[in-house]
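A quick write-up on the structure given underneath.
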Amino acid sequence: MSEATANFGLVDALEARGISRRSFLKFCGSLAVAAGLSATAAPRVAMALETELENAKGGLFPVLWIEGASCTGCTESFAQIETPDVGKVVLELIALNYSDVLCAGAGHSLEAAKEETIQNGNYVVVYEGGITQGFGSNTLRVAMETGEEILVHAAENAAAVIALGSCAVNGGWMAAYPNPAEATGVSGILKKHSIATPVVNIPGCPANPEWLMSVLVQVLMMGGAEGLLAGDVPAVVKTLGLNDEGKPQGIFGETIHDNCERRGHFENGEFVYEFGSKEEELGYCLYPLGCKGPQTKANCGVTMWNNRRSWCIQAGSPCLGCCEANPNDPGDNWVEVNTPFYKRDRDLHIGDWFFRPTVVAAGLTGIVGAAILIHRFGMKKAGRMDGGADFEPIRAWDAKNPDRSIGQYEYSVMGDPVKMKAAQEEIAKQYEVAEEAAAEDEGR
Ligand code: SF4
Ligand code: SF4
């Protein structure tokens, strides 16, 4: 079918909302780029969308967008997409049946709509945020269910789960040390409950909304749906080109460094060592300021943000490595691995002990040699290259503002496993009492 003869039901729907065909094609171009295709694939994406939506006649997969332990940043990012109307119309047409944040409805009726979708089957779950298991899983409850129960119930019958954002992939911020809430990602929980539903991991903090749209379009409209309906996991994996971390290879196959506009300066050894410097003005490479581009895999420099207006490095920020989230290794968590963000070193930790490389070095003979050795160990472990700025024993702002420092934890509970366990048990007990009271209320 040529573009000219395609059924324009979707375009009509868009035009009724004042969205031109040109904007729609631009949107499809973004989806194509986000999927790792050339922007010239836009007409093909447009045609597939139009045809599938028309053929489906309302029979497309419903989508349930469920919040775990999150800041809702991924939803917020999605809601701020530059072409919101196009994205929203497409999502409406694919039936966004439930979203804690975006749905106008609330309470029992919204929960009932979710349950009905689950019972009917053939739906996709978008799960945002981590899943907390500590404190009897009571740190997150919606409609009296824990985050873990909600995910397990929704995932069991789903055709696929899209783990959206780094918290959903392997815990992200929620799982950062010392992780008292024992947060983890979607894949870890599904494995724990032996649920075989395919998981598509889209990391990022927040995840780029165009990545989500591109995956939804591929899953729901461009062949993935057939695989899902047939329960054919390999077909879904093939359609999306998922790698061994369950991430679409077209989006997460290359490093930020591979597609960075400052790469030429890196090769020439032209670096920014200080914000506000002449070198920064000249747009030199941000590696000494902690840029995690060389070890972070995502196509941010290609997809960019806000309708390809700019992105982190173009805006002058080193890449923080927010897409570094390995679902097979909770320790490979972007907050754990990449802090402090604007430095080239990190805390090393063994179990519950963590320390700065400089501190260790000071306690050893041959101070300089040890510092270099340990520094290299840290760099190697984090997949970084040699060189960069000096270690920072204490954050400069914290040193100047000791009364307001956020550089140190208050360990009254968190550093004491016995106290922490007691606190967890107490909170779990309180929730049990609350649950019993709620059940009694319902029984009345
Ligand atoms: S180190 Fe960072 S700023 Fe420099 S070229 Fe690589 S990705 Fe770009
Ligand atoms: S450039 Fe780096 S910090 Fe920015 S969104 Fe991409 S991975 Fe995250």
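Scheme for the structure tokens: letters A, B, ... for chains in order shown; per-chain residue numbers from 1; ligand numbers from 1 in order shown.
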
Select the residues contacting ligand 1 at a distance of at most 6 Å, based on only C-alpha atoms and all ligand atoms, then format the selection as a compact mmCIF listing (two decimals) with C-alpha atoms, in the first residue's frame.
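And here is the file that came out, part_14.txt:
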```txt
# COMPACT_ATOMS: atom_id res chain seq x y z
CA ILE A 256 27.16 8.21 24.64
CA HIS A 257 30.83 8.78 23.77
CA CYS A 260 29.08 12.76 21.23
CA ARG A 262 32.56 16.81 21.77
CA ARG A 263 34.34 13.61 20.78
CA PHE A 266 38.43 14.23 23.50
CA CYS A 285 35.31 17.58 26.27
CA LEU A 286 33.81 17.21 29.77
CA TYR A 287 35.61 13.99 30.71
CA CYS A 291 31.49 12.68 32.13
CA GLY A 293 29.78 9.01 28.38
CA PRO A 294 32.55 6.48 27.67
```

(request) Could I get the residue neighbourhood of ligand 2 at 7 Å, counting only C-alpha atoms and all ligand atoms, as a PyMOL selection string? (result) chain A and resi 204-205+256+292-293+296+298+300-301+311-313+319-323

Keeping only C-alpha atoms, take the residues you just selected and write them out as a PDB file, in the first residue's frame.
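Saved the output as part_16.pdb:
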```pdb
ATOM      1  CA  GLY A 204      17.198   6.546  32.022  1.00  0.00           C
ATOM      2  CA  CYS A 205      16.523   9.066  34.756  1.00  0.00           C
ATOM      3  CA  ILE A 256      27.164   8.207  24.635  1.00  0.00           C
ATOM      4  CA  LYS A 292      30.306   9.049  32.162  1.00  0.00           C
ATOM      5  CA  GLY A 293      29.784   9.014  28.380  1.00  0.00           C
ATOM      6  CA  THR A 296      27.180   4.556  29.337  1.00  0.00           C
ATOM      7  CA  ALA A 298      22.309   4.964  25.128  1.00  0.00           C
ATOM      8  CA  CYS A 300      20.922  10.293  23.801  1.00  0.00           C
ATOM      9  CA  GLY A 301      23.163  12.202  21.383  1.00  0.00           C
ATOM     10  CA  TRP A 311      20.658  17.081  25.310  1.00  0.00           C
ATOM     11  CA  CYS A 312      22.780  16.889  28.461  1.00  0.00           C
ATOM     12  CA  ILE A 313      26.227  17.282  26.929  1.00  0.00           C
ATOM     13  CA  CYS A 319      26.769  12.738  31.152  1.00  0.00           C
ATOM     14  CA  LEU A 320      25.808  11.412  34.599  1.00  0.00           C
ATOM     15  CA  GLY A 321      25.411   7.897  33.230  1.00  0.00           C
ATOM     16  CA  CYS A 322      21.739   7.701  34.154  1.00  0.00           C
ATOM     17  CA  CYS A 323      21.157   4.864  31.673  1.00  0.00           C
TER      18      CYS A 323
END
```

(request) Excluding A:Ala163 and residues on its chain fewer than 6 positions from it, collect all residues at most 8 Å away from it, counting only C-alpha atoms, and give them as a VMD selection string. (result) chain A and resid 126 to 128 169 185 to 186 199 to 203

(message) Which residues are close to A:Asn97, i.e. within 7 Å by only C-alpha atoms, leaving aside same-chain residues fewer than 2 positions away? Reply as a ChimeraX atom specification.
(response) /A:62-64,95,114

Restricted to C-alpha atoms, what would the selected residues look like written as a PDB file, in the first residue's frame?
```
ATOM      1  CA  PRO A  62      -4.555  -1.950  26.440  1.00  0.00           C
ATOM      2  CA  VAL A  63      -1.677  -0.443  28.414  1.00  0.00           C
ATOM      3  CA  LEU A  64      -1.522  -0.274  32.225  1.00  0.00           C
ATOM      4  CA  ALA A  95      -6.000   2.344  25.187  1.00  0.00           C
ATOM      5  CA  LYS A 114      -7.290  -2.066  36.026  1.00  0.00           C
TER       6      LYS A 114
END
```

(message) Taking 3 positions as the minimum chain separation for residues in the same chain, which residues sit within 6 Å of A:Cys28 when counting only C-alpha atoms? Answer as a list in words.
(response) Leu25, Leu31, Ala42, Val45 and Ala46 of chain A

Can I get the selection written as a short mmCIF file (atom, residue, chain, number, x, y, z; two decimals), in the first residue's frame, with N, CA and C atoms?
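out.cif, freshly written:
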```
data_model
loop_
_atom_site.label_atom_id
_atom_site.label_comp_id
_atom_site.auth_asym_id
_atom_site.auth_seq_id
_atom_site.Cartn_x
_atom_site.Cartn_y
_atom_site.Cartn_z
N LEU A 25 4.12 13.26 10.85
CA LEU A 25 5.29 12.64 10.21
C LEU A 25 6.57 12.96 10.99
N LEU A 31 10.22 8.78 16.31
CA LEU A 31 10.09 7.38 16.75
C LEU A 31 11.09 6.50 16.02
N ALA A 42 10.47 7.46 8.55
CA ALA A 42 9.24 8.06 9.11
C ALA A 42 7.98 7.66 8.34
N VAL A 45 6.92 4.19 9.33
CA VAL A 45 6.37 4.15 10.68
C VAL A 45 4.94 4.71 10.65
N ALA A 46 4.77 5.83 9.92
CA ALA A 46 3.45 6.46 9.84
C ALA A 46 2.44 5.49 9.25
#
```

(request) Pull the strand (DSSP E or B) assignments for stretch 88-243 of chain A out of DSSP run on the backbone, and list those residues as a list in words. (result)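 Assigned to strand (DSSP E or B), within stretch 88-243 of chain A: Leu96, Asn97, Tyr98, Ser99, Val124, Val125, Val126, Tyr127, Glu128, Gly130, Ile131, Thr132, Arg141, Val142, Glu145, Thr146, Ala160, Val161, Ile162, Ala163, Leu164, Ala183, Thr184, Val199, Val200, Asn201, Ile202 and Leu242 of chain A.
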
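Closest approach to A:Ala183 among A:Phe135, A:Tyr342, A:Trp211, A:Phe27 is made by A:Phe135 (distances from only C-alpha atoms).
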
(request) Please measure the separation of atom CA of A:Gln133 and atom CA of A:Thr146, giving the value in Å to one decimal. (result)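 Between atom CA of A:Gln133 and atom CA of A:Thr146 the gap is 9.0 Å.
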
(request) Return as JSON, numbers by chain the full set of residues in stretch 94-328 of chain A whose backbone-based DSSP assignment is alpha helix (DSSP H). (result) {"A": [107, 108, 109, 110, 111, 112, 113, 114, 115, 116, 117, 118, 119, 120, 134, 135, 136, 137, 147, 148, 149, 150, 151, 152, 153, 154, 155, 156, 166, 167, 168, 169, 170, 186, 187, 188, 189, 190, 191, 192, 209, 210, 211, 212, 213, 214, 215, 216, 217, 218, 219, 220, 221, 224, 225, 226, 227, 228, 229, 233, 234, 235, 236, 237, 238, 239, 240, 249, 250, 251, 252, 263, 264, 265, 266, 267, 268, 278, 279, 280, 281, 300, 301, 302, 303]}

(message) Need the shell around A:Asn333: protein/DNA/RNA residues with any atom at most 7 Å away, counting only C-alpha atoms. Skip same-chain ones fewer than 6 positions apart. Format as JSON, numbers by chain?
(response) {"A": [170, 172, 324, 325, 326]}

Prev. selection, N, CA and C atoms, output as an mmCIF file, in the first residue's frame:
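Ended up saving to out-v5.cif:
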```cif
data_model
loop_
_atom_site.group_PDB
_atom_site.id
_atom_site.type_symbol
_atom_site.label_atom_id
_atom_site.label_comp_id
_atom_site.auth_asym_id
_atom_site.auth_seq_id
_atom_site.Cartn_x
_atom_site.Cartn_y
_atom_site.Cartn_z
ATOM 1 N N ASN A 170 16.746 -1.605 37.595
ATOM 2 C CA ASN A 170 17.449 -2.327 38.675
ATOM 3 C C ASN A 170 17.451 -1.586 40.022
ATOM 4 N N GLY A 172 17.667 1.756 40.674
ATOM 5 C CA GLY A 172 18.063 3.162 40.544
ATOM 6 C C GLY A 172 18.304 3.842 41.886
ATOM 7 N N GLU A 324 22.906 3.772 32.963
ATOM 8 C CA GLU A 324 23.667 2.606 33.390
ATOM 9 C C GLU A 324 22.849 1.859 34.435
ATOM 10 N N ALA A 325 22.170 0.836 34.009
ATOM 11 C CA ALA A 325 21.308 0.057 34.913
ATOM 12 C C ALA A 325 21.251 -1.358 34.368
ATOM 13 N N ASN A 326 21.928 -2.260 35.070
ATOM 14 C CA ASN A 326 21.988 -3.640 34.595
ATOM 15 C C ASN A 326 20.998 -4.479 35.390
#
```

(request) Rank nothing, just name the residue among A:Asn243, A:Asn268, A:Asn179, A:Asn306 nearest to A:Ala79, using only C-alpha atoms. (result) A:Asn306

(message) For a test of reading the model, state the distance in Å between atom CA of A:Ser99 and atom CA of A:Ile66, rounded to one decimal.
(response)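 Pair atom CA of A:Ser99 / atom CA of A:Ile66 returns 5.9 Å.
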
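The interatomic distance for the pair atom CA of A:Pro180 and atom CA of A:Asn208 works out to 28.3 Å.
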
(message) I want to know what sits within 10 Å of A:Ile195, based on only C-alpha atoms, with residues of the same chain fewer than 6 positions away left out; could you give that as a PyMOL selection string?
(response) chain A and resi 152+155-157+187+189

Only N, CA and C atoms, please: the residues just picked out, written as a PDB file, in the first residue's frame.
```pdb
ATOM      1  N   VAL A 152       3.417  -8.168  40.605  1.00  0.00           N
ATOM      2  CA  VAL A 152       3.275  -9.605  40.344  1.00  0.00           C
ATOM      3  C   VAL A 152       1.902  -9.890  39.746  1.00  0.00           C
ATOM      4  N   ALA A 155       1.740  -8.458  36.178  1.00  0.00           N
ATOM      5  CA  ALA A 155       2.685  -9.050  35.218  1.00  0.00           C
ATOM      6  C   ALA A 155       2.314 -10.480  34.843  1.00  0.00           C
ATOM      7  N   GLU A 156       1.692 -11.218  35.781  1.00  0.00           N
ATOM      8  CA  GLU A 156       1.416 -12.630  35.541  1.00  0.00           C
ATOM      9  C   GLU A 156       0.633 -12.853  34.254  1.00  0.00           C
ATOM     10  N   ASN A 157      -0.342 -11.991  34.020  1.00  0.00           N
ATOM     11  CA  ASN A 157      -1.246 -12.201  32.888  1.00  0.00           C
ATOM     12  C   ASN A 157      -0.908 -11.306  31.702  1.00  0.00           C
ATOM     13  N   SER A 187      12.753  -6.981  36.612  1.00  0.00           N
ATOM     14  CA  SER A 187      13.220  -8.325  36.231  1.00  0.00           C
ATOM     15  C   SER A 187      13.519  -9.170  37.463  1.00  0.00           C
ATOM     16  N   ILE A 189      12.212  -9.032  40.420  1.00  0.00           N
ATOM     17  CA  ILE A 189      10.988  -9.486  41.097  1.00  0.00           C
ATOM     18  C   ILE A 189      10.297 -10.586  40.283  1.00  0.00           C
TER      19      ILE A 189
END
```
